[in-house]
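First up is the structure itself, then whatever we jot down about it.
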Amino acid sequence: MSLNYVKFSPGFEAFMPKEYRDMVEHGPFGKKTTVSQMGSFKEILEEHPMCAGCAMTLFIRLAVIAVPNPEDTIMVGTAGCGRLAISQAAIPFVYGNYGDQNGVASGLSRGLRIRFGDQPKDVVVMAGDGGTADIGFQQVLHSWFRKERFTTIMLDNEVYGNTGGQESGMTTRGAVLKMAPLGKKFEKMDMVAMAKIAGCAYIATVVPNTPRRVESCIKKAVLIAREVGPTYIQAYTSCNIEYAIPTDQVMADAKAVEDDRYKFAEYVSDEAKEYLTARYGYKEFVQKPAAAVTHA
Amino acid sequence: MENVSVIGTQNKKGQVITDPRVMMNEAPRTPSFYTGSEVIKEAVRRANVDVMVAYPITPQSEAAALCGELFAEGYIGDYFRGESEFAVMSQCAGSAFGGARVFTTTAGPGTLRAMENFPMWAGARLPIQCIVTCRGINSPLSIQPDTIEIAYLMNTGMLVWHAETAQDFYDWILKGYMVSEEPDVHLPLALCCDGFFVTHTKDTVDLTPADMCLPPYDPYRSPVPCMDMECPPVRMMRDPFVMKSNYISYATHASWQQEIWAAAERSRKHTIAWLDGLIDTENLDAEVLIVASGTAVSQGREAIRLLADEGIRVGLVKIKTLRPWPQEELREATKHATHIIVPEFNVIGWLAREIKSTIPRPERVIAGPRVCGGMTMPPEIIVEEIKKALGVRSEVLAGRGG
């Protein structure tokens, strides 16, 4: 771990922008910060160019608070709305080509392991539903089959938002969007099932209106990816523009969708449970003693 | 960062890290009889490569698999098969972003499938080395030698070198890292050869000692910070210019693209030093010059020998690097020539076009003979082209439209 990049160069303290000084003095680097402390520290993502009421931005904001070691985390993404926010965060963001984020992350994760050995360097992919399930599908699936050790997060707004509202593989059947003028003809792709088949060690579906749950899922996913295997989080992050959700209804929509097709679900492989318990002291996977059986 | 020399120490495999100039110019050489694919393996053995990503496509599959053997022997840090050339080049990019020395190989349709990555590599200043064993890319499917893919590579911002022989290949793989990793260059290198002719034929190649290797890549000698969270300043796209329609956005992109091409220009001085010039020349005072790259140079040499037997003196220019383009060298080398013959293994004649756009009196350039789709280029058709230019009668060669 190196915190040099969030220190002032000697002699430059007085000349650094306030935002930078705040990041050095009150940022989360080298500290343990949680979503419940929001408002009391300088966050990794603050200013952004996203639309008003964007649920995706809230999710990304939570996600970058949740990463266990922001000072040793590198994010990878591709084209899409999410990129516009992630690239404004105070951790590095790699943009390769359209849909190749899981290929870039595979190489990055391996290259960093060659150079730094067991020293944790967390690679986290955050890309949209189009980037993950459509154009990036092959590289996503193959990275999972190869058991690449990094986290993939899908920002699922069920539409190509950044290009103006086209149908994606993650759009629900029947939705009328650009390029689906008669409504989408096939079902929403079941990427969670594919992640399971491909061997992800941790899979979760979340919505952004449960911050502590988002935090918990991301922490687990990143920690498991360090040693056990690939991890996948699929987050419903609605596009209030393309789906015409009133700004003040965005969280209500998230709740409604959660109840409908985005129920919280978490899969943790046995190996991952053991690893979290032994290495990071997680209690939730410890087998509870069997209740005593009494025979009358 | 510590500033301690690694020269003389050993890498993980026990090879002695050697001053590259000593290794390439002074160390004893052992003549060895190898195929081009085996020569790639032997060069990579000595290149201290961190990551290689492989994918099968003829005619580079053997070289890519042989590098897997090197990994199994412990000479390469990590090695795996990607799922397509596009994926492979993305995986290479990731490793290079993380500060690793990266090697890969591709060919023909693979080069085209991967193409989105090459300008990205150049733009991200990733000094990846990609061997391109050229083959046909057209439909109907052809796996045979054809250099048309080089025409596409020349506009990506990558350095592009065109090896004639296996010996070129061996030396240039090692020297290529030295040039492309220079901080004022830091660009990817497409090291091309003509598939099959170089990869699948055996040749005597003088190898440097196997217990010597290049110094490891130092990712902190880079014009852009490496993405390892160790190197200040943190690298981030602070303001995503791409979505802005304003003058600052345009100016930023324009100046960066100009910087990439300027970096390729800056590679000139390093390349001249390592390759002993961007071109090789023979008999420049001759009235007729053959100007070629790749194995067309070898065929040109043979044509020159045949013509010498008939008392016709012909000179030769071997172009070694296409990017940077040897513009001044070509102007100087061709100043006495009245006829400039450019034999090529592709249908469009990209090399002749480049030369025509470079030299005064371009009408001197004869864009041929050209063969494509896997055809060989007998020296006799070069001889015929030269005789035609000189107005000398020659036997018509059957089936070649003479």
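Chain identifiers are assigned as A, B, and so on, following the order in which chains appear in the structure tokens; residues are numbered from 1 within each chain, and ligands are numbered from 1 in order of appearance.
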
Produce a table with one row for each residue of chain A that has an atom at most 7 Å from any atom of chain B, each row naming the nearest atom pair and its distance in Å at one decimal; use only C-alpha atoms; arrange rows by chain and rising residue number; format as a Markdown table.
| residue | atom | partner | partner_atom | distance |
| --- | --- | --- | --- | --- |
| A:Ser2 | CA | B:Glu230 | CA | 5.2 |
| A:Asn4 | CA | B:Pro232 | CA | 6.4 |
| A:Tyr5 | CA | B:Pro232 | CA | 4.3 |
| A:Glu71 | CA | B:Met229 | CA | 6.8 |
| A:Asp72 | CA | B:Met229 | CA | 5.6 |
| A:Leu84 | CA | B:Pro240 | CA | 6.5 |
| A:Ser87 | CA | B:Met237 | CA | 5.1 |
| A:Gln88 | CA | B:Arg238 | CA | 5.0 |
| A:Ile91 | CA | B:Met236 | CA | 6.7 |
| A:Pro92 | CA | B:Met236 | CA | 4.7 |
| A:Phe93 | CA | B:Met236 | CA | 5.7 |
| A:Gly96 | CA | B:Met120 | CA | 6.9 |
| A:Asn97 | CA | B:Asn117 | CA | 6.8 |
| A:Asp100 | CA | B:Ser90 | CA | 6.2 |
| A:Gly103 | CA | B:Gln91 | CA | 4.7 |
| A:Val104 | CA | B:Gly94 | CA | 4.1 |
| A:Ala105 | CA | B:Gly94 | CA | 5.8 |
| A:Ser106 | CA | B:Gln91 | CA | 5.9 |
| A:Gly107 | CA | B:Gly94 | CA | 4.2 |
| A:Leu108 | CA | B:Gly94 | CA | 4.0 |
| A:Arg110 | CA | B:Ser95 | CA | 6.5 |
| A:Gly111 | CA | B:Ser95 | CA | 4.4 |
| A:Leu112 | CA | B:Gly98 | CA | 5.5 |
| A:Ile114 | CA | B:Gly77 | CA | 6.4 |
| A:Gln139 | CA | B:Ala87 | CA | 6.5 |

Give me, as a Markdown table, each residue of stretch 261-378 of chain B that comes within 8 Å of stretch 167-188 of chain B, together with its shortest interatomic pair and the distance in Å at one decimal, counting only C-alpha atoms, with rows ordered by chain and rising residue number.
| residue | atom | partner | partner_atom | distance |
| --- | --- | --- | --- | --- |
| B:Ala263 | CA | B:Val185 | CA | 4.7 |
| B:Ala264 | CA | B:Val185 | CA | 6.2 |
| B:Arg266 | CA | B:Val185 | CA | 6.2 |
| B:Ser267 | CA | B:Val185 | CA | 5.5 |
| B:His270 | CA | B:Val179 | CA | 5.8 |
| B:Thr271 | CA | B:Val179 | CA | 6.3 |
| B:Trp274 | CA | B:Lys175 | CA | 6.5 |
| B:Leu275 | CA | B:Trp172 | CA | 7.8 |

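Closest to A:Asp270 among A:Gly229, A:Pro246, A:Pro10, A:Gly183 is A:Gly229, based on only C-alpha atoms.
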
All residues 9 Å or closer to A:Met191, only C-alpha atoms, same chain fewer than 3 positions away omitted, as a PyMOL selection string: chain A and resi 133+170+188+194-196+234

What would the file look like if the residues just selected were written as a JSON list (two decimals), in the first residue's frame with C-alpha atoms?
[["chain", "number", "residue", "atom", "x", "y", "z"],
["A", 133, "ALA", "CA", -24.53, -8.38, -20.69],
["A", 170, "MET", "CA", -31.27, -6.62, -19.41],
["A", 188, "LYS", "CA", -34.42, -10.01, -19.26],
["A", 194, "MET", "CA", -24.93, -17.32, -15.54],
["A", 195, "ALA", "CA", -22.61, -16.04, -12.85],
["A", 196, "LYS", "CA", -23.50, -19.09, -10.79],
["A", 234, "GLN", "CA", -25.95, -6.84, -9.97]]

Test item, strand (DSSP E) assignment across stretch 1-173 of chain B, answer as a VMD selection string: chain B and resid 16 to 17 30 to 35 51 to 54 78 to 81 102 to 106 129 to 134 159 to 162

Contacts of A:Thr231 at 9 Å (only C-alpha atoms; same-chain gap of 6+ positions) as a PyMOL selection string: chain A and resi 144+149-153+195+199-204+220-222+224-225

Distance query A:Gly164 at most 9 Å, only C-alpha atoms, self and fewer than 4 positions along chain excluded, as an NGL selection string: :A and (159-160 or 178 or 242)

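Reported to one decimal place, the separation of atom CA of B:Leu316 from atom CA of B:Arg301 is 7.4 Å.
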
Contact residues around B:Gly373 with only C-alpha atoms at 12 Å, ignoring same-chain residues under 2 positions, as a list of chain:residue names: B:Gly108, B:Cys134, B:Arg135, B:Gly136, B:Ile137, B:Asn138, B:Ser139, B:Pro140, B:Leu141, B:Ser142, B:Ile143, B:Gln144, B:Pro145, B:Asp146, B:Thr147, B:Ile148, B:Gly195, B:Glu344, B:Phe345, B:Asn346, B:Val347, B:Ile348, B:Arg370, B:Val371, B:Met375, B:Thr376, B:Met377

Dump N, CA and C atoms for the selected residues as a JSON list (two decimals), in the first residue's frame?
[["chain", "number", "residue", "atom", "x", "y", "z"],
["B", 108, "GLY", "N", -3.38, -11.59, -39.35],
["B", 108, "GLY", "CA", -4.47, -11.47, -40.31],
["B", 108, "GLY", "C", -5.81, -11.05, -39.72],
["B", 134, "CYS", "N", 1.94, -11.73, -40.70],
["B", 134, "CYS", "CA", 0.90, -11.31, -41.65],
["B", 134, "CYS", "C", 0.37, -12.46, -42.51],
["B", 135, "ARG", "N", -0.94, -12.40, -42.76],
["B", 135, "ARG", "CA", -1.61, -13.36, -43.63],
["B", 135, "ARG", "C", -2.83, -12.67, -44.26],
["B", 136, "GLY", "N", -3.47, -13.37, -45.17],
["B", 136, "GLY", "CA", -4.62, -12.76, -45.84],
["B", 136, "GLY", "C", -5.76, -12.46, -44.89],
["B", 137, "ILE", "N", -6.53, -11.42, -45.20],
["B", 137, "ILE", "CA", -7.68, -11.08, -44.35],
["B", 137, "ILE", "C", -8.97, -11.05, -45.14],
["B", 138, "ASN", "N", -8.87, -11.35, -46.42],
["B", 138, "ASN", "CA", -10.06, -11.17, -47.26],
["B", 138, "ASN", "C", -10.96, -12.40, -47.22],
["B", 139, "SER", "N", -12.14, -12.26, -47.80],
["B", 139, "SER", "CA", -13.00, -13.40, -48.04],
["B", 139, "SER", "C", -12.92, -13.70, -49.53],
["B", 140, "PRO", "N", -12.89, -14.94, -49.99],
["B", 140, "PRO", "CA", -12.93, -16.17, -49.20],
["B", 140, "PRO", "C", -11.72, -16.29, -48.26],
["B", 141, "LEU", "N", -11.94, -17.06, -47.21],
["B", 141, "LEU", "CA", -10.93, -17.21, -46.17],
["B", 141, "LEU", "C", -9.60, -17.67, -46.76],
["B", 142, "SER", "N", -8.56, -16.98, -46.36],
["B", 142, "SER", "CA", -7.21, -17.38, -46.76],
["B", 142, "SER", "C", -6.33, -17.36, -45.52],
["B", 143, "ILE", "N", -5.51, -18.40, -45.38],
["B", 143, "ILE", "CA", -4.54, -18.36, -44.27],
["B", 143, "ILE", "C", -3.15, -18.06, -44.79],
["B", 144, "GLN", "N", -3.05, -17.75, -46.08],
["B", 144, "GLN", "CA", -1.74, -17.65, -46.72],
["B", 144, "GLN", "C", -1.10, -16.27, -46.52],
["B", 145, "PRO", "N", 0.21, -16.19, -46.78],
["B", 145, "PRO", "CA", 0.91, -14.92, -46.55],
["B", 145, "PRO", "C", 0.36, -13.78, -47.41],
["B", 146, "ASP", "N", 0.28, -12.62, -46.82],
["B", 146, "ASP", "CA", -0.25, -11.42, -47.48],
["B", 146, "ASP", "C", -0.06, -10.30, -46.46],
["B", 147, "THR", "N", 0.47, -9.18, -46.89],
["B", 147, "THR", "CA", 0.84, -8.15, -45.90],
["B", 147, "THR", "C", -0.16, -7.01, -45.79],
["B", 148, "ILE", "N", -1.38, -7.21, -46.27],
["B", 148, "ILE", "CA", -2.31, -6.08, -46.34],
["B", 148, "ILE", "C", -2.64, -5.51, -44.95],
["B", 195, "GLY", "N", 3.97, -13.95, -42.75],
["B", 195, "GLY", "CA", 3.64, -15.25, -42.20],
["B", 195, "GLY", "C", 4.17, -16.38, -43.07],
["B", 344, "GLU", "N", 5.61, -6.03, -53.71],
["B", 344, "GLU", "CA", 4.85, -6.17, -52.46],
["B", 344, "GLU", "C", 4.00, -7.43, -52.45],
["B", 345, "PHE", "N", 3.76, -7.92, -51.24],
["B", 345, "PHE", "CA", 2.89, -9.08, -51.04],
["B", 345, "PHE", "C", 1.48, -8.64, -50.63],
["B", 346, "ASN", "N", 0.88, -7.73, -51.38],
["B", 346, "ASN", "CA", -0.51, -7.35, -51.08],
["B", 346, "ASN", "C", -1.10, -6.70, -52.32],
["B", 347, "VAL", "N", -2.41, -6.66, -52.37],
["B", 347, "VAL", "CA", -3.07, -6.25, -53.61],
["B", 347, "VAL", "C", -3.08, -4.73, -53.81],
["B", 348, "ILE", "N", -3.03, -3.98, -52.70],
["B", 348, "ILE", "CA", -3.22, -2.53, -52.84],
["B", 348, "ILE", "C", -1.94, -1.75, -53.05],
["B", 370, "ARG", "N", 3.21, -6.99, -57.69],
["B", 370, "ARG", "CA", 2.48, -7.29, -56.45],
["B", 370, "ARG", "C", 1.85, -8.67, -56.57],
["B", 371, "VAL", "N", 1.99, -9.44, -55.51],
["B", 371, "VAL", "CA", 1.30, -10.72, -55.43],
["B", 371, "VAL", "C", 0.44, -10.68, -54.16],
["B", 375, "MET", "N", 0.14, -15.99, -52.92],
["B", 375, "MET", "CA", 1.06, -16.28, -54.02],
["B", 375, "MET", "C", 2.50, -16.00, -53.59],
["B", 376, "THR", "N", 3.41, -16.77, -54.14],
["B", 376, "THR", "CA", 4.82, -16.47, -53.93],
["B", 376, "THR", "C", 5.24, -15.40, -54.92],
["B", 377, "MET", "N", 6.43, -14.84, -54.71],
["B", 377, "MET", "CA", 6.95, -13.82, -55.61],
["B", 377, "MET", "C", 8.28, -14.28, -56.18]]

Surrounding residues of B:Leu306 excluding itself and chain neighbours under 5 positions, 12 Å, only C-alpha atoms, as a list in words: Gln299, Gly300, Arg301, Gly311, Ile312, Arg313, Val314, Pro378, Pro379, Glu380, Ile381, Ile382, Val383, Glu384, Ile386 and Lys387 of chain B

Two-atom distance - atom CA of A:Phe41, atom CA of A:Met126 (Å):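 A separation of 23.4 Å between them.
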
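Here atom CA of A:Ala252 stands at a distance of 19.7 Å from atom CA of A:Ala175.
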